[in-house]
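Okay, target.cif now, which holds mmCIF, C-alpha atoms:
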data_target
#
loop_
_atom_site.group_PDB
_atom_site.id
_atom_site.type_symbol
_atom_site.label_atom_id
_atom_site.label_comp_id
_atom_site.auth_asym_id
_atom_site.auth_seq_id
_atom_site.Cartn_x
_atom_site.Cartn_y
_atom_site.Cartn_z
ATOM 1 C CA MET A 1 -43.568 -1.203 3.726
ATOM 2 C CA ARG A 2 -41.746 0.867 6.330
ATOM 3 C CA VAL A 3 -38.916 -0.921 8.140
ATOM 4 C CA LYS A 4 -39.240 -0.591 11.924
ATOM 5 C CA ILE A 5 -36.198 0.040 14.125
ATOM 6 C CA GLU A 6 -37.372 -2.546 16.654
ATOM 7 C CA ASP A 7 -37.562 -5.175 13.899
ATOM 8 C CA ILE A 8 -33.989 -4.427 12.847
ATOM 9 C CA LYS A 9 -32.715 -4.678 16.422
ATOM 10 C CA LYS A 10 -34.371 -8.067 16.823
ATOM 11 C CA LEU A 11 -32.867 -9.281 13.542
ATOM 12 C CA GLU A 12 -29.415 -8.019 14.548
ATOM 13 C CA GLU A 13 -29.552 -10.114 17.709
ATOM 14 C CA ILE A 14 -30.581 -13.201 15.732
ATOM 15 C CA ALA A 15 -27.752 -12.736 13.232
ATOM 16 C CA LYS A 16 -25.265 -12.439 16.094
ATOM 17 C CA ARG A 17 -26.562 -15.673 17.643
ATOM 18 C CA LEU A 18 -26.249 -17.421 14.298
ATOM 19 C CA ARG A 19 -22.604 -16.412 13.980
ATOM 20 C CA VAL A 20 -21.897 -17.611 17.522
ATOM 21 C CA LYS A 21 -23.447 -20.969 16.691
ATOM 22 C CA VAL A 22 -21.322 -21.268 13.560
ATOM 23 C CA VAL A 23 -18.110 -20.676 15.516
ATOM 24 C CA LYS A 24 -19.130 -23.221 18.140
ATOM 25 C CA MET A 25 -20.050 -25.853 15.541
ATOM 26 C CA ILE A 26 -16.834 -25.481 13.572
ATOM 27 C CA GLY A 27 -14.773 -25.370 16.740
ATOM 28 C CA LYS A 28 -16.337 -28.577 18.010
ATOM 29 C CA SER A 29 -16.344 -30.533 14.741
ATOM 30 C CA GLY A 30 -12.820 -29.521 13.771
ATOM 31 C CA PHE A 31 -13.748 -28.334 10.293
ATOM 32 C CA GLY A 32 -16.258 -26.206 8.440
ATOM 33 C CA HIS A 33 -16.961 -23.448 5.951
ATOM 34 C CA ALA A 34 -16.702 -20.382 8.137
ATOM 35 C CA GLY A 35 -16.196 -17.511 5.680
ATOM 36 C CA GLY A 36 -19.184 -18.152 3.440
ATOM 37 C CA SER A 37 -21.417 -18.918 6.417
ATOM 38 C CA MET A 38 -20.619 -15.643 8.151
ATOM 39 C CA SER A 39 -21.187 -13.615 4.978
ATOM 40 C CA ILE A 40 -24.841 -14.658 4.689
ATOM 41 C CA ALA A 41 -25.977 -14.229 8.311
ATOM 42 C CA GLU A 42 -28.089 -11.139 7.607
ATOM 43 C CA LEU A 43 -29.522 -12.574 4.401
ATOM 44 C CA LEU A 44 -30.736 -15.789 6.045
ATOM 45 C CA THR A 45 -31.946 -13.907 9.091
ATOM 46 C CA CYS A 46 -34.161 -11.702 6.926
ATOM 47 C CA LEU A 47 -35.479 -14.632 4.922
ATOM 48 C CA TYR A 48 -36.410 -16.811 7.901
ATOM 49 C CA PHE A 49 -37.373 -14.242 10.518
ATOM 50 C CA TYR A 50 -38.912 -11.500 8.405
ATOM 51 C CA GLU A 51 -39.931 -12.748 4.981
ATOM 52 C CA MET A 52 -40.787 -16.417 4.565
ATOM 53 C CA ARG A 53 -43.897 -18.389 5.516
ATOM 54 C CA TYR A 54 -43.246 -21.794 7.095
ATOM 55 C CA ASP A 55 -44.296 -24.051 9.962
ATOM 56 C CA PRO A 56 -41.441 -25.811 11.790
ATOM 57 C CA LYS A 57 -43.948 -28.244 13.299
ATOM 58 C CA ASN A 58 -45.083 -29.166 9.794
ATOM 59 C CA PRO A 59 -42.045 -28.831 7.484
ATOM 60 C CA ALA A 60 -44.036 -30.293 4.567
ATOM 61 C CA TRP A 61 -46.839 -27.704 4.795
ATOM 62 C CA GLU A 62 -47.973 -27.281 1.212
ATOM 63 C CA GLU A 63 -48.284 -23.491 1.333
ATOM 64 C CA ARG A 64 -44.839 -22.855 2.800
ATOM 65 C CA ASP A 65 -42.313 -20.687 1.009
ATOM 66 C CA ARG A 66 -39.348 -22.685 -0.279
ATOM 67 C CA PHE A 67 -35.667 -21.960 0.313
ATOM 68 C CA VAL A 68 -32.825 -23.612 -1.572
ATOM 69 C CA LEU A 69 -29.289 -23.151 -0.226
ATOM 70 C CA SER A 70 -27.505 -23.572 -3.532
ATOM 71 C CA LYS A 71 -24.118 -22.885 -1.921
ATOM 72 C CA GLY A 72 -24.563 -25.975 0.212
ATOM 73 C CA HIS A 73 -21.138 -25.710 1.821
ATOM 74 C CA ALA A 74 -22.559 -22.911 4.000
ATOM 75 C CA ALA A 75 -24.413 -25.627 5.906
ATOM 76 C CA PRO A 76 -23.221 -24.509 9.368
ATOM 77 C CA ILE A 77 -25.195 -21.287 9.330
ATOM 78 C CA PHE A 78 -28.151 -22.999 7.652
ATOM 79 C CA TYR A 79 -28.307 -25.467 10.543
ATOM 80 C CA ALA A 80 -28.006 -22.550 12.957
ATOM 81 C CA VAL A 81 -31.029 -20.943 11.257
ATOM 82 C CA LEU A 82 -33.041 -24.168 11.362
ATOM 83 C CA SER A 83 -32.395 -24.475 15.097
ATOM 84 C CA GLU A 84 -33.305 -20.820 15.687
ATOM 85 C CA ALA A 85 -36.515 -21.293 13.683
ATOM 86 C CA GLY A 86 -37.514 -24.447 15.572
ATOM 87 C CA PHE A 87 -37.011 -27.104 12.900
ATOM 88 C CA ILE A 88 -34.270 -28.895 14.852
ATOM 89 C CA PRO A 89 -33.231 -28.825 18.530
ATOM 90 C CA GLU A 90 -30.278 -26.602 19.331
ATOM 91 C CA ASP A 91 -28.546 -29.335 21.291
ATOM 92 C CA ILE A 92 -27.779 -31.343 18.137
ATOM 93 C CA LEU A 93 -25.793 -28.527 16.501
ATOM 94 C CA LEU A 94 -22.528 -29.706 18.000
ATOM 95 C CA THR A 95 -22.997 -33.118 16.345
ATOM 96 C CA ILE A 96 -22.356 -31.531 12.935
ATOM 97 C CA HIS A 97 -20.256 -33.714 10.595
ATOM 98 C CA HIS A 98 -20.567 -36.778 12.838
ATOM 99 C CA PRO A 99 -21.413 -39.881 10.733
ATOM 100 C CA ASP A 100 -24.624 -40.487 12.704
ATOM 101 C CA SER A 101 -25.747 -36.841 12.764
ATOM 102 C CA PRO A 102 -28.554 -35.393 10.638
ATOM 103 C CA LEU A 103 -26.236 -32.409 10.130
ATOM 104 C CA GLN A 104 -23.814 -33.475 7.459
ATOM 105 C CA CYS A 105 -21.150 -31.391 5.698
ATOM 106 C CA HIS A 106 -23.766 -30.447 3.109
ATOM 107 C CA PRO A 107 -27.539 -30.285 3.781
ATOM 108 C CA ASP A 108 -29.345 -33.605 3.294
ATOM 109 C CA MET A 109 -33.122 -33.442 2.867
ATOM 110 C CA ARG A 110 -33.435 -37.082 3.920
ATOM 111 C CA LEU A 111 -31.885 -36.389 7.317
ATOM 112 C CA CYS A 112 -32.613 -32.829 8.401
ATOM 113 C CA PRO A 113 -36.109 -31.293 8.792
ATOM 114 C CA GLY A 114 -36.464 -27.961 7.015
ATOM 115 C CA VAL A 115 -34.023 -28.808 4.235
ATOM 116 C CA GLU A 116 -35.985 -28.656 0.976
ATOM 117 C CA VAL A 117 -33.314 -30.232 -1.205
ATOM 118 C CA SER A 118 -29.877 -31.789 -0.772
ATOM 119 C CA THR A 119 -27.257 -29.402 -2.106
ATOM 120 C CA GLY A 120 -23.507 -29.153 -2.364
ATOM 121 C CA ALA A 121 -22.830 -29.830 -6.027
ATOM 122 C CA LEU A 122 -22.483 -26.208 -7.060
ATOM 123 C CA GLY A 123 -24.554 -24.653 -9.824
ATOM 124 C CA GLN A 124 -27.707 -26.725 -9.355
ATOM 125 C CA GLY A 125 -29.752 -24.741 -6.859
ATOM 126 C CA LEU A 126 -31.227 -22.225 -9.274
ATOM 127 C CA SER A 127 -32.407 -25.004 -11.598
ATOM 128 C CA ILE A 128 -34.173 -26.693 -8.690
ATOM 129 C CA ALA A 129 -35.709 -23.400 -7.581
ATOM 130 C CA VAL A 130 -36.953 -22.767 -11.124
ATOM 131 C CA GLY A 131 -38.696 -26.143 -11.053
ATOM 132 C CA MET A 132 -40.309 -25.361 -7.721
ATOM 133 C CA ALA A 133 -41.479 -21.926 -8.870
ATOM 134 C CA LEU A 134 -42.812 -23.288 -12.168
ATOM 135 C CA GLY A 135 -44.636 -26.048 -10.300
ATOM 136 C CA ALA A 136 -46.268 -23.433 -8.079
ATOM 137 C CA LYS A 137 -47.453 -21.524 -11.137
ATOM 138 C CA MET A 138 -48.846 -24.657 -12.772
ATOM 139 C CA ARG A 139 -50.742 -25.632 -9.618
ATOM 140 C CA LYS A 140 -51.837 -22.032 -8.922
ATOM 141 C CA LYS A 141 -50.091 -21.973 -5.553
ATOM 142 C CA SER A 142 -49.148 -18.698 -3.879
ATOM 143 C CA PHE A 143 -45.884 -19.748 -2.230
ATOM 144 C CA ARG A 144 -42.631 -18.077 -3.202
ATOM 145 C CA VAL A 145 -39.240 -19.634 -3.863
ATOM 146 C CA TYR A 146 -35.892 -18.247 -2.748
ATOM 147 C CA THR A 147 -32.437 -19.520 -3.580
ATOM 148 C CA LEU A 148 -29.069 -18.314 -2.328
ATOM 149 C CA MET A 149 -26.052 -18.748 -4.608
ATOM 150 C CA GLY A 150 -22.358 -18.119 -4.119
ATOM 151 C CA ASP A 151 -20.531 -15.740 -6.437
ATOM 152 C CA GLY A 152 -17.943 -18.358 -7.381
ATOM 153 C CA GLU A 153 -20.812 -20.765 -7.946
ATOM 154 C CA ILE A 154 -22.408 -18.670 -10.659
ATOM 155 C CA GLN A 155 -19.377 -19.296 -12.842
ATOM 156 C CA GLU A 156 -21.165 -22.606 -13.538
ATOM 157 C CA GLY A 157 -22.918 -22.760 -16.911
ATOM 158 C CA GLN A 158 -26.009 -24.471 -15.522
ATOM 159 C CA VAL A 159 -26.832 -21.317 -13.568
ATOM 160 C CA TRP A 160 -27.257 -19.363 -16.787
ATOM 161 C CA GLU A 161 -29.388 -22.065 -18.413
ATOM 162 C CA ALA A 162 -31.670 -21.845 -15.393
ATOM 163 C CA ALA A 163 -31.646 -18.044 -15.589
ATOM 164 C CA MET A 164 -32.917 -18.232 -19.174
ATOM 165 C CA SER A 165 -35.665 -20.665 -18.174
ATOM 166 C CA ALA A 166 -36.842 -18.511 -15.275
ATOM 167 C CA SER A 167 -37.189 -15.536 -17.592
ATOM 168 C CA LYS A 168 -38.943 -17.541 -20.306
ATOM 169 C CA PHE A 169 -41.575 -18.812 -17.869
ATOM 170 C CA LYS A 170 -42.028 -15.375 -16.253
ATOM 171 C CA LEU A 171 -41.405 -16.710 -12.748
ATOM 172 C CA ASP A 172 -42.233 -13.662 -10.664
ATOM 173 C CA ASN A 173 -42.566 -15.965 -7.650
ATOM 174 C CA LEU A 174 -38.813 -16.686 -7.766
ATOM 175 C CA VAL A 175 -36.061 -14.678 -6.040
ATOM 176 C CA GLY A 176 -32.407 -15.492 -6.553
ATOM 177 C CA ILE A 177 -29.786 -14.020 -4.227
ATOM 178 C CA VAL A 178 -26.063 -13.882 -4.979
ATOM 179 C CA ASP A 179 -23.725 -13.767 -1.994
ATOM 180 C CA TYR A 180 -21.198 -11.465 -3.666
ATOM 181 C CA ASN A 181 -18.345 -11.613 -1.165
ATOM 182 C CA LYS A 182 -15.750 -11.555 -4.003
ATOM 183 C CA LEU A 183 -13.847 -14.644 -2.755
ATOM 184 C CA GLU A 184 -14.018 -18.338 -3.615
ATOM 185 C CA LEU A 185 -12.012 -21.417 -2.621
ATOM 186 C CA SER A 186 -9.038 -20.745 -4.889
ATOM 187 C CA GLY A 187 -8.815 -16.963 -4.689
ATOM 188 C CA ARG A 188 -10.528 -13.720 -5.639
ATOM 189 C CA VAL A 189 -13.458 -14.163 -7.992
ATOM 190 C CA GLU A 190 -12.184 -11.456 -10.340
ATOM 191 C CA GLU A 191 -8.928 -13.388 -10.766
ATOM 192 C CA VAL A 192 -10.420 -16.890 -11.072
ATOM 193 C CA MET A 193 -13.263 -16.022 -13.464
ATOM 194 C CA PRO A 194 -14.540 -12.414 -13.510
ATOM 195 C CA LEU A 195 -18.298 -11.916 -13.206
ATOM 196 C CA GLU A 196 -18.597 -8.260 -14.084
ATOM 197 C CA PRO A 197 -20.668 -6.614 -15.397
ATOM 198 C CA LEU A 198 -22.866 -8.790 -13.177
ATOM 199 C CA TYR A 199 -25.863 -6.459 -12.920
ATOM 200 C CA GLU A 200 -26.053 -6.031 -16.701
ATOM 201 C CA LYS A 201 -25.699 -9.766 -17.327
ATOM 202 C CA TRP A 202 -28.744 -10.666 -15.242
ATOM 203 C CA ILE A 203 -30.699 -7.785 -16.801
ATOM 204 C CA SER A 204 -29.860 -9.149 -20.239
ATOM 205 C CA PHE A 205 -31.206 -12.561 -19.177
ATOM 206 C CA GLY A 206 -34.589 -10.977 -18.486
ATOM 207 C CA TRP A 207 -34.433 -10.613 -14.708
ATOM 208 C CA HIS A 208 -35.352 -7.694 -12.499
ATOM 209 C CA VAL A 209 -32.125 -6.929 -10.623
ATOM 210 C CA ILE A 210 -31.646 -5.204 -7.275
ATOM 211 C CA GLU A 211 -28.163 -4.417 -5.950
ATOM 212 C CA ILE A 212 -27.721 -4.024 -2.187
ATOM 213 C CA ASN A 213 -25.415 -4.133 0.808
ATOM 214 C CA GLY A 214 -25.971 -7.710 1.983
ATOM 215 C CA HIS A 215 -25.284 -6.789 5.613
ATOM 216 C CA SER A 216 -27.872 -3.987 5.756
ATOM 217 C CA PHE A 217 -31.157 -5.262 7.153
ATOM 218 C CA THR A 218 -32.977 -2.229 5.807
ATOM 219 C CA GLN A 219 -31.712 -2.811 2.270
ATOM 220 C CA ILE A 220 -32.390 -6.561 2.388
ATOM 221 C CA MET A 221 -35.920 -6.073 3.701
ATOM 222 C CA ASN A 222 -36.677 -3.379 1.123
ATOM 223 C CA ALA A 223 -35.345 -5.576 -1.687
ATOM 224 C CA LEU A 224 -37.495 -8.534 -0.601
ATOM 225 C CA ASN A 225 -40.548 -6.273 -0.401
ATOM 226 C CA MET A 226 -39.797 -4.828 -3.833
ATOM 227 C CA ALA A 227 -39.478 -8.301 -5.348
ATOM 228 C CA LYS A 228 -43.058 -9.116 -4.374
ATOM 229 C CA ASN A 229 -44.285 -6.253 -6.560
ATOM 230 C CA ILE A 230 -42.418 -7.345 -9.708
ATOM 231 C CA LYS A 231 -44.680 -9.034 -12.237
ATOM 232 C CA GLU A 232 -43.800 -11.506 -15.026
ATOM 233 C CA LYS A 233 -40.077 -11.468 -14.203
ATOM 234 C CA PRO A 234 -37.913 -13.292 -11.673
ATOM 235 C CA THR A 235 -35.893 -11.094 -9.304
ATOM 236 C CA LEU A 236 -32.153 -11.335 -8.670
ATOM 237 C CA ILE A 237 -30.678 -9.656 -5.603
ATOM 238 C CA ILE A 238 -26.949 -8.982 -5.858
ATOM 239 C CA ALA A 239 -25.915 -8.793 -2.202
ATOM 240 C CA HIS A 240 -22.477 -7.279 -1.678
ATOM 241 C CA THR A 241 -21.061 -8.972 1.410
ATOM 242 C CA VAL A 242 -17.798 -9.550 3.275
ATOM 243 C CA LYS A 243 -16.517 -13.084 3.630
ATOM 244 C CA GLY A 244 -16.136 -13.915 7.339
ATOM 245 C CA CYS A 245 -18.188 -10.866 8.342
ATOM 246 C CA GLY A 246 -18.492 -10.370 12.091
ATOM 247 C CA VAL A 247 -15.073 -11.665 13.128
ATOM 248 C CA SER A 248 -12.237 -9.279 12.275
ATOM 249 C CA PHE A 249 -9.519 -11.851 11.626
ATOM 250 C CA MET A 250 -11.782 -13.773 9.212
ATOM 251 C CA GLU A 251 -13.022 -10.844 7.180
ATOM 252 C CA ASP A 252 -12.173 -10.705 3.469
ATOM 253 C CA LYS A 253 -9.596 -13.500 3.758
ATOM 254 C CA VAL A 254 -9.755 -16.399 1.310
ATOM 255 C CA GLU A 255 -8.028 -18.736 3.781
ATOM 256 C CA TRP A 256 -11.199 -18.664 5.910
ATOM 257 C CA HIS A 257 -13.265 -20.306 3.175
ATOM 258 C CA ALA A 258 -12.962 -23.751 4.793
ATOM 259 C CA VAL A 259 -11.054 -24.106 8.032
ATOM 260 C CA SER A 260 -10.195 -25.834 11.256
ATOM 261 C CA MET A 261 -10.278 -23.487 14.247
ATOM 262 C CA THR A 262 -7.854 -23.519 17.151
ATOM 263 C CA GLU A 263 -9.033 -22.956 20.721
ATOM 264 C CA GLU A 264 -7.469 -19.509 20.612
ATOM 265 C CA GLN A 265 -9.301 -18.609 17.402
ATOM 266 C CA VAL A 266 -12.615 -19.848 18.800
ATOM 267 C CA GLU A 267 -12.059 -17.873 21.995
ATOM 268 C CA ASN A 268 -11.173 -14.672 20.128
ATOM 269 C CA ALA A 269 -14.099 -15.050 17.710
ATOM 270 C CA LEU A 270 -16.643 -15.604 20.474
ATOM 271 C CA ARG A 271 -15.276 -12.654 22.413
ATOM 272 C CA GLU A 272 -15.661 -10.414 19.353
ATOM 273 C CA LEU A 273 -19.234 -11.660 18.991
ATOM 274 C CA GLY A 274 -20.023 -10.551 22.527
ATOM 275 C CA CYS A 275 -20.075 -13.880 24.363
ATOM 276 C CA SER A 276 -19.505 -13.956 28.110
ATOM 277 C CA GLN A 277 -16.346 -15.485 29.573
ATOM 278 C CA GLU A 278 -18.486 -18.249 31.065
ATOM 279 C CA GLU A 279 -19.920 -19.144 27.664
ATOM 280 C CA ILE A 280 -16.463 -19.057 26.070
ATOM 281 C CA GLU A 281 -15.016 -21.365 28.712
ATOM 282 C CA ALA A 282 -17.901 -23.803 28.299
ATOM 283 C CA THR A 283 -17.313 -23.875 24.539
ATOM 284 C CA LEU A 284 -13.566 -24.530 24.968
ATOM 285 C CA LEU A 285 -14.353 -27.357 27.396
ATOM 286 C CA GLN A 286 -16.668 -28.940 24.820
ATOM 287 C CA MET A 287 -13.882 -28.759 22.240
ATOM 288 C CA LYS A 288 -11.476 -30.546 24.588
ATOM 289 C CA GLU A 289 -14.002 -33.288 25.271
ATOM 290 C CA GLY A 290 -13.773 -34.290 21.596
#

This structure in structure tokens:
Amino acid sequence: MRVKIEDIKKLEEIAKRLRVKVVKMIGKSGFGHAGGSMSIAELLTCLYFYEMRYDPKNPAWEERDRFVLSKGHAAPIFYAVLSEAGFIPEDILLTIHHPDSPLQCHPDMRLCPGVEVSTGALGQGLSIAVGMALGAKMRKKSFRVYTLMGDGEIQEGQVWEAAMSASKFKLDNLVGIVDYNKLELSGRVEEVMPLEPLYEKWISFGWHVIEINGHSFTQIMNALNMAKNIKEKPTLIIAHTVKGCGVSFMEDKVEWHAVSMTEEQVENALRELGCSQEEIEATLLQMKEG
């Protein structure tokens, strides 16, 4: 399928809006996982506004494609996506982390429409996605299952047990995506627990593997299209990304994994993301209101 320039431009605008929403949410709440949210903006944009089938007015639609955010700490951008897609109203985004809000620090399927499964305990998402994909096969359903994992997360042993199961059951309706931004909470992935040779490892577990630039809409879209043509194997997309992508002072810095943002940082980030002075001032006023 040929990727159209107009489609890419529309997706670029959505990804920018998602990043703006993340900055506003974290600025207002006083805390949040900024780096790993910003690194997956293009990936989630492609999944929700190019690839997946769903109905925000009927989140439980049986034929919907399923998405599991295995790296549940990236909840801010997930909530931004759900608002952009129409699952939740945009005006509740700034309630994130409040005890009475449906938008908790990690996604809760009991509280937030569009969340397929509560996540946050790292290493479990792929196992859940395998179950969903296997269930679809058993019931002869056509929906596809996507799960997004962090690179530090796949140091968990459960991920590799699930990888073996997906291969055994020939789950060609399953796509795993690794957000390979090379940083985790305690440092660089290669220093904490090296993953390389990552491509060869997933190949050896019986997966079809595609390696891409995770900020290139063309490459993401082509990879998702390619995955639909793979038979009797699950697909793993290794997406090379930059932690904090989109805001220069966040990029490739481990200290932006989980942060509080000052008014100055919020202002500078929103300016880099192309927000007007009026919008920036309104955001700073909301922060001061507590």

Report as a PDB file with C-alpha atoms, in the coordinates of the input the residues that result from applying the PyMOL selection byres ((chain A and resi 148-153) around 10) to the structure here.
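And here is the file that came out, out27.pdb:
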ATOM      1  CA  GLY A  36     -19.184 -18.152   3.440  1.00  0.00           C
ATOM      2  CA  ILE A  40     -24.841 -14.658   4.689  1.00  0.00           C
ATOM      3  CA  LEU A  43     -29.522 -12.574   4.401  1.00  0.00           C
ATOM      4  CA  LEU A  44     -30.736 -15.789   6.045  1.00  0.00           C
ATOM      5  CA  PHE A  67     -35.667 -21.960   0.313  1.00  0.00           C
ATOM      6  CA  VAL A  68     -32.825 -23.612  -1.572  1.00  0.00           C
ATOM      7  CA  LEU A  69     -29.289 -23.151  -0.226  1.00  0.00           C
ATOM      8  CA  SER A  70     -27.505 -23.572  -3.532  1.00  0.00           C
ATOM      9  CA  LYS A  71     -24.118 -22.885  -1.921  1.00  0.00           C
ATOM     10  CA  GLY A  72     -24.563 -25.975   0.212  1.00  0.00           C
ATOM     11  CA  HIS A  73     -21.138 -25.710   1.821  1.00  0.00           C
ATOM     12  CA  ALA A  74     -22.559 -22.911   4.000  1.00  0.00           C
ATOM     13  CA  ALA A 121     -22.830 -29.830  -6.027  1.00  0.00           C
ATOM     14  CA  LEU A 122     -22.483 -26.208  -7.060  1.00  0.00           C
ATOM     15  CA  GLY A 123     -24.554 -24.653  -9.824  1.00  0.00           C
ATOM     16  CA  GLN A 124     -27.707 -26.725  -9.355  1.00  0.00           C
ATOM     17  CA  GLY A 125     -29.752 -24.741  -6.859  1.00  0.00           C
ATOM     18  CA  LEU A 126     -31.227 -22.225  -9.274  1.00  0.00           C
ATOM     19  CA  ALA A 129     -35.709 -23.400  -7.581  1.00  0.00           C
ATOM     20  CA  TYR A 146     -35.892 -18.247  -2.748  1.00  0.00           C
ATOM     21  CA  THR A 147     -32.437 -19.520  -3.580  1.00  0.00           C
ATOM     22  CA  ILE A 154     -22.408 -18.670 -10.659  1.00  0.00           C
ATOM     23  CA  GLN A 155     -19.377 -19.296 -12.842  1.00  0.00           C
ATOM     24  CA  GLU A 156     -21.165 -22.606 -13.538  1.00  0.00           C
ATOM     25  CA  GLY A 157     -22.918 -22.760 -16.911  1.00  0.00           C
ATOM     26  CA  GLN A 158     -26.009 -24.471 -15.522  1.00  0.00           C
ATOM     27  CA  VAL A 159     -26.832 -21.317 -13.568  1.00  0.00           C
ATOM     28  CA  VAL A 175     -36.061 -14.678  -6.040  1.00  0.00           C
ATOM     29  CA  GLY A 176     -32.407 -15.492  -6.553  1.00  0.00           C
ATOM     30  CA  ILE A 177     -29.786 -14.020  -4.227  1.00  0.00           C
ATOM     31  CA  VAL A 178     -26.063 -13.882  -4.979  1.00  0.00           C
ATOM     32  CA  ASP A 179     -23.725 -13.767  -1.994  1.00  0.00           C
ATOM     33  CA  TYR A 180     -21.198 -11.465  -3.666  1.00  0.00           C
ATOM     34  CA  ASN A 181     -18.345 -11.613  -1.165  1.00  0.00           C
ATOM     35  CA  LYS A 182     -15.750 -11.555  -4.003  1.00  0.00           C
ATOM     36  CA  LEU A 183     -13.847 -14.644  -2.755  1.00  0.00           C
ATOM     37  CA  GLU A 184     -14.018 -18.338  -3.615  1.00  0.00           C
ATOM     38  CA  LEU A 185     -12.012 -21.417  -2.621  1.00  0.00           C
ATOM     39  CA  SER A 186      -9.038 -20.745  -4.889  1.00  0.00           C
ATOM     40  CA  GLY A 187      -8.815 -16.963  -4.689  1.00  0.00           C
ATOM     41  CA  ARG A 188     -10.528 -13.720  -5.639  1.00  0.00           C
ATOM     42  CA  VAL A 189     -13.458 -14.163  -7.992  1.00  0.00           C
ATOM     43  CA  GLU A 190     -12.184 -11.456 -10.340  1.00  0.00           C
ATOM     44  CA  VAL A 192     -10.420 -16.890 -11.072  1.00  0.00           C
ATOM     45  CA  MET A 193     -13.263 -16.022 -13.464  1.00  0.00           C
ATOM     46  CA  PRO A 194     -14.540 -12.414 -13.510  1.00  0.00           C
ATOM     47  CA  LEU A 195     -18.298 -11.916 -13.206  1.00  0.00           C
ATOM     48  CA  LEU A 198     -22.866  -8.790 -13.177  1.00  0.00           C
ATOM     49  CA  LEU A 236     -32.153 -11.335  -8.670  1.00  0.00           C
ATOM     50  CA  ILE A 237     -30.678  -9.656  -5.603  1.00  0.00           C
ATOM     51  CA  ILE A 238     -26.949  -8.982  -5.858  1.00  0.00           C
ATOM     52  CA  ALA A 239     -25.915  -8.793  -2.202  1.00  0.00           C
ATOM     53  CA  HIS A 240     -22.477  -7.279  -1.678  1.00  0.00           C
TER      54      HIS A 240
END

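The spacing separating CA of Lys21 (chain A) from CA of Thr283 (chain A) amounts to 10.4 Å.
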
Run the PyMOL selection byres ((chain A and resi 11) around 10) against the file shown and list the residues it catches, as a list in words.
-> Ile5, Glu6, Asp7, Ile8, Lys9, Lys10, Glu12, Glu13, Ile14, Ala15, Lys16, Arg17, Ala41, Glu42, Thr45, Cys46, Phe49, Tyr50 and Phe217 of chain A

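When the PyMOL selection byres ((chain A and resi 274) around 12) is evaluated on the file shown here, the picked residues come out as Glu13, Lys16, Arg17, Arg19, Val20, Gly246, Val247, Glu267, Asn268, Ala269, Leu270, Arg271, Glu272, Leu273, Cys275, Ser276, Gln277, Glu278, Glu279 and Ile280 of chain A.
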
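Across the structure, CA of Gly114 (chain A) and CA of Ser101 (chain A) are spaced 15.1 Å apart.
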
Would you place a box with edges along x, y and z of the file around all atoms of region 276-281 of chain A listed there, add 4 Å to each of its six sides, and report the centre and edge lengths in Å to one decimal, as AutoDock Vina command-line options?
--center_x -17.5 --center_y -17.7 --center_z 28.6 --size_x 12.9 --size_y 15.4 --size_z 13.0

Distance query Lys140 (chain A) at most 12 Å, all atoms listed in the file, self and fewer than 6 positions along chain excluded, as number ranges by chain | A: 63, 133-134, 173

What is the distance between CA of Leu224 (chain A) and CA of Ala136 (chain A), in Å to one decimal?
-> 18.8 Å

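Closest approach to Met261 (chain A) from the set A:Leu47, A:Phe249, A:Phe143, A:His106 is made by A:Phe249, with distances taken over all atoms listed in the file.
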
Up to 12 Å from (-33.6, -5.7, -12.1) in the file's coordinates: name the residues, counting only C-alpha atoms, as a ChimeraX atom specification.
-> /A:167,172,175-176,198-212,223,226-227,230-231,233-238

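With distances taken over all atoms listed in the file, A:Ser39 is the one residue among A:Ala166, A:Ser39, A:Arg139, A:Cys105 lying closest to Thr241 (chain A).
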
Who sits within 9 Å of region 81-91 of chain A, all atoms listed in the file, same chain under 2 positions skipped, as a PyMOL selection string | chain A and resi 14+17-18+41+44-45+48-49+55-59+76-79+93-95+112-115

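Neighbours of Ser165 (chain A) closer than or equal to 8 Å, with all atoms listed in the file counted and sequence neighbours fewer than 4 positions away skipped, come out as Val130, Glu161 and Phe169 of chain A.
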
Contacts of Pro102 (chain A) at 7 Å or less, counting all atoms listed in the file, minus same-chain residues fewer than 2 places along, as a ChimeraX atom specification?
-> /A:100,104,111-112
